[in-house]
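**Student:** Following this message is one structure expressed as structure tokens.
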Amino acid sequence: MGVLLECSGLTKRFGKREALKQVDLSVESGKIVGLLGPNGSGKTTLIKLANGLLRPDGGSIRIDGQEPGVYTKSIVSYLPDRMYFADWMRVSDMVRMFRDFYTDFRLETAEDMLERLEISGSERMKSLSKGTKEKVQLALVMSRKAKLYLLDEPIGGVDPAARDFILRTILTNYSEDASVILSTHLIADIEKVLDEVIFLKEGQVVRQDPVDRIREQEKKSVDALFREIFAVPMGAMDWDTHGREGER
Ligand SMILES: Nc1ncnc2c1ncn2[C@@H]1O[C@H](COP(=O)(O)OP(=O)(O)OP(=O)(O)O)[C@@H](O)[C@H]1O
């Protein structure tokens, strides 16, 4: 299995803030990888760089050997952290848009998934709940036969029962030589499907390991390890008796 995503010295700045600092990492094809880290650690920035929505300020990022561009967009299926469609559209319009846009779109897969999720094609996006909109988007993104799926918080807004369906959807809808990179805060829910994890802290990779190795070496779950590495010291905040943050 070859390397599908490779970052070398990857750096991204927003003004004076360094969102990513000299990131080196590689992801092989055939893996489901969790991109994990606290708020502001650089997960979305990395995903946007991989998708060509941002340009690096230093270092490089390559997908299937190429810098993000026309070719990589044809093999990457991207679920953004925010909605990007017009509210007036019906679900069926969205399906049609994906079918027209992407030659690798599998119409039957999309229709089957939406049916299982009990989402009708005639529904207007604006009439759907936030979680249902997310399900529609994920169903469409996973219906492409891509080489790399970049999913930014794919289960953030959906209820626990639907999360399992979505995880199974992710597992069953990518081919063996494809990879999935997903960011999430819901580690306990998702770690059972992950092959590897990448921990990001303040724009740097602090750990990249297969999940099995973490369980073997650390004798704990990824969720427990994450909580340990990223624990916020109790003394960092003082709370007064009314539950408000106290003055320090
Ligand atoms: N467009 C922007 N302009 C300025 N700063 C930005 C911009 N996008 C991201 N940042 C900053 O870059 C850093 C990394 O942000 P990013 O959104 O990648 O983090 P994240 O790990 O995805 O966070 P979260 O878990 O909260 O979604 C943060 O400090 C953020 O404030």
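Labels for the structure tokens follow display order: chains A, B, ..., residues from 1 in each chain, ligands from 1.
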For A:Leu171, list every protein, DNA or RNA residue within 12 Å, evaluated using only C-alpha atoms, and leave out those in the same chain fewer than 6 positions away; present the list as an mmCIF file with C-alpha atoms, in the first residue's frame.

**Tutor:**
```cif
data_model
loop_
_atom_site.group_PDB
_atom_site.id
_atom_site.type_symbol
_atom_site.label_atom_id
_atom_site.label_comp_id
_atom_site.auth_asym_id
_atom_site.auth_seq_id
_atom_site.Cartn_x
_atom_site.Cartn_y
_atom_site.Cartn_z
ATOM 1 C CA GLY A 30 -6.350 1.681 2.961
ATOM 2 C CA LYS A 31 -6.442 3.363 6.374
ATOM 3 C CA ILE A 32 -9.079 5.073 8.454
ATOM 4 C CA VAL A 33 -7.280 7.780 10.381
ATOM 5 C CA MET A 142 -19.392 8.912 0.901
ATOM 6 C CA TYR A 149 -12.164 11.028 2.056
ATOM 7 C CA ASP A 164 -23.431 4.026 14.402
ATOM 8 C CA PHE A 165 -25.153 3.957 11.033
ATOM 9 C CA ALA A 178 -8.876 4.368 -0.311
ATOM 10 C CA SER A 179 -8.243 6.203 2.939
ATOM 11 C CA VAL A 180 -10.449 8.174 5.269
ATOM 12 C CA ILE A 190 -15.380 6.607 16.624
ATOM 13 C CA LYS A 192 -13.593 1.381 17.103
ATOM 14 C CA VAL A 193 -13.407 2.092 13.373
ATOM 15 C CA LEU A 194 -10.015 3.788 13.353
ATOM 16 C CA ASP A 195 -6.789 2.131 12.188
#
```

**Student:** Can you list, as a ChimeraX atom specification, every protein, DNA or RNA residue that comes within 8 Å of stretch 66-79 of chain A when you count only C-alpha atoms, leaving out same-chain residues fewer than 6 positions away?

**Tutor:** /A:49-52,60,102,137-138,141-142,144,146-152,154

**Student:** Next, dump the selected residues to file, keeping only C-alpha atoms, as a PDB file, in the first residue's frame.

**Tutor:**
```
ATOM      1  CA  LEU A  49      -4.785  22.496   3.046  1.00  0.00           C
ATOM      2  CA  ALA A  50      -5.227  18.925   1.827  1.00  0.00           C
ATOM      3  CA  ASN A  51      -8.313  19.981  -0.043  1.00  0.00           C
ATOM      4  CA  GLY A  52      -6.608  22.963  -1.668  1.00  0.00           C
ATOM      5  CA  SER A  60       4.590  20.817   1.292  1.00  0.00           C
ATOM      6  CA  TYR A 102     -18.402  14.125  -9.939  1.00  0.00           C
ATOM      7  CA  GLN A 137     -24.053  15.764   3.149  1.00  0.00           C
ATOM      8  CA  LEU A 138     -22.167  12.779   4.494  1.00  0.00           C
ATOM      9  CA  VAL A 141     -19.677  12.649   0.152  1.00  0.00           C
ATOM     10  CA  MET A 142     -19.392   8.912   0.901  1.00  0.00           C
ATOM     11  CA  ARG A 144     -18.229   9.171  -4.354  1.00  0.00           C
ATOM     12  CA  ALA A 146     -12.827   8.566  -4.055  1.00  0.00           C
ATOM     13  CA  LYS A 147      -9.266   7.647  -3.121  1.00  0.00           C
ATOM     14  CA  LEU A 148      -9.240   9.912  -0.098  1.00  0.00           C
ATOM     15  CA  TYR A 149     -12.164  11.028   2.056  1.00  0.00           C
ATOM     16  CA  LEU A 150     -11.533  14.091   4.191  1.00  0.00           C
ATOM     17  CA  LEU A 151     -14.292  14.349   6.767  1.00  0.00           C
ATOM     18  CA  ASP A 152     -14.281  17.345   9.094  1.00  0.00           C
ATOM     19  CA  PRO A 154     -18.698  13.972  10.314  1.00  0.00           C
TER      20      PRO A 154
END
```

**Student:** Write down as a ChimeraX atom specification the residues belonging to stretch 20-224 of chain A that are assigned strand (DSSP E or B) by DSSP computed on the backbone.

**Tutor:** /A:20-28,32-36,58-63,66,76-79,90,105,124,144,148-152,179-183,196-201,204-210

**Student:** Which residues of chain A sit at most 10 Å from ligand 1, using only C-alpha atoms and all ligand atoms? Give each one's shortest atom pair and distance in Å (one decimal place), in chain and ascending residue order, as CSV.

**Tutor:**
```
residue,atom,partner,partner_atom_place_in_ligand_line,distance
A:Lys12,CA,ligand 1,12 (O),8.4
A:Arg13,CA,ligand 1,12 (O),7.5
A:Phe14,CA,ligand 1,4 (C),4.7
A:Gly15,CA,ligand 1,4 (C),6.9
A:Lys16,CA,ligand 1,5 (N),9.0
A:Arg17,CA,ligand 1,29 (O),6.7
A:Glu18,CA,ligand 1,12 (O),6.8
A:Ala19,CA,ligand 1,12 (O),4.2
A:Leu20,CA,ligand 1,14 (C),7.3
A:Leu35,CA,ligand 1,21 (O),8.9
A:Leu36,CA,ligand 1,21 (O),7.8
A:Gly37,CA,ligand 1,21 (O),6.0
A:Pro38,CA,ligand 1,25 (O),5.5
A:Asn39,CA,ligand 1,26 (O),3.4
A:Gly40,CA,ligand 1,19 (O),3.4
A:Ser41,CA,ligand 1,21 (O),3.8
A:Gly42,CA,ligand 1,18 (O),3.2
A:Lys43,CA,ligand 1,21 (O),3.9
A:Thr44,CA,ligand 1,22 (O),3.7
A:Thr45,CA,ligand 1,18 (O),3.7
A:Leu46,CA,ligand 1,18 (O),6.5
A:Ile47,CA,ligand 1,18 (O),8.1
A:Lys48,CA,ligand 1,18 (O),8.4
A:Leu49,CA,ligand 1,18 (O),9.9
A:Leu54,CA,ligand 1,1 (N),9.3
A:Asp81,CA,ligand 1,27 (O),7.8
A:Asp152,CA,ligand 1,22 (O),8.1
A:Glu153,CA,ligand 1,27 (O),8.0
A:Ser183,CA,ligand 1,22 (O),7.9
A:Thr184,CA,ligand 1,25 (O),7.5
A:His185,CA,ligand 1,25 (O),7.1
A:Leu200,CA,ligand 1,21 (O),7.6
A:Lys201,CA,ligand 1,21 (O),8.3
A:Glu202,CA,ligand 1,14 (C),7.7
A:Gly203,CA,ligand 1,14 (C),6.9
```

**Student:** Mind checking which residues fall within 9 Å of A:Ser120, counting only C-alpha atoms, ignoring those fewer than 3 positions away in the same chain, and posting them as a list in words?

**Tutor:**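 The neighbour list is Val91, Ser92, Leu114, Glu115, Leu117 and Glu123 of chain A.
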
**Student:** Calculate how many Å separate atom CA of A:Gly9 from atom CA of A:Gly58, rounding to one decimal.

**Tutor:**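 About the pair atom CA of A:Gly9 and atom CA of A:Gly58: they are 6.8 Å apart.
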
**Student:** Which residue out of A:Val205, A:Met113, A:Ile187, A:Val23 has the minimum interatomic distance to A:Thr172 when only C-alpha atoms are used?

**Tutor:** A:Met113

**Student:** Would you kindly return, as a ChimeraX atom specification, each protein, DNA or RNA residue with an atom no farther than 12 Å from any atom of A:Arg124, considering only C-alpha atoms and excluding same-chain residues fewer than 6 positions away?

**Tutor:** /A:85-94,132-133,136

**Student:** Write the selection just made, keeping N, CA and C atoms, as a compact mmCIF listing (two decimals), in the first residue's frame?

**Tutor:**
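Once everything was written out, this is out-v4.txt:
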```txt
# COMPACT_ATOMS: atom_id res chain seq x y z
N PHE A 85 -24.28 24.27 0.92
CA PHE A 85 -25.30 24.24 -0.14
C PHE A 85 -26.39 25.29 0.17
N ALA A 86 -27.17 25.59 -0.87
CA ALA A 86 -28.25 26.57 -0.71
C ALA A 86 -29.45 25.89 -0.05
N ASP A 87 -30.05 26.63 0.88
CA ASP A 87 -31.16 26.09 1.67
C ASP A 87 -32.41 25.76 0.85
N TRP A 88 -32.58 26.48 -0.29
CA TRP A 88 -33.80 26.27 -1.06
C TRP A 88 -33.78 24.93 -1.81
N MET A 89 -32.60 24.31 -1.89
CA MET A 89 -32.48 23.08 -2.68
C MET A 89 -33.22 21.92 -2.02
N ARG A 90 -33.75 21.04 -2.86
CA ARG A 90 -34.31 19.79 -2.34
C ARG A 90 -33.18 18.77 -2.25
N VAL A 91 -33.40 17.72 -1.46
CA VAL A 91 -32.39 16.67 -1.33
C VAL A 91 -32.07 16.10 -2.72
N SER A 92 -33.12 15.94 -3.54
CA SER A 92 -32.89 15.39 -4.88
C SER A 92 -32.04 16.31 -5.75
N ASP A 93 -32.14 17.65 -5.52
CA ASP A 93 -31.28 18.60 -6.26
C ASP A 93 -29.82 18.39 -5.87
N MET A 94 -29.63 18.14 -4.59
CA MET A 94 -28.26 17.91 -4.10
C MET A 94 -27.67 16.67 -4.76
N THR A 132 -29.96 16.13 10.35
CA THR A 132 -30.38 15.49 9.10
C THR A 132 -29.64 16.09 7.91
N LYS A 133 -29.44 17.41 7.94
CA LYS A 133 -28.63 18.04 6.87
C LYS A 133 -27.24 17.42 6.83
N VAL A 136 -27.34 14.08 5.14
CA VAL A 136 -27.45 14.19 3.69
C VAL A 136 -26.07 14.44 3.09
```

**Student:** So how many Å separate atom CA of A:Val27 and atom CA of A:Thr103, to one decimal?

**Tutor:** 24.8 Å

**Student:** With DSSP run on the backbone, what are the alpha helix (DSSP H) residues within stretch 3-225 of chain A? I'd like them as a ChimeraX atom specification.

**Tutor:** /A:43-50,70-75,91-101,107-116,130-142,160-172,187-190,211-218,222-225

**Student:** For A:Val158, list every protein, DNA or RNA residue within 10 Å, evaluated using only C-alpha atoms, and leave out those in the same chain fewer than 2 positions away; present the list as a VMD selection string.

**Tutor:** chain A and resid 129 to 135 154 to 156 160 to 164 166
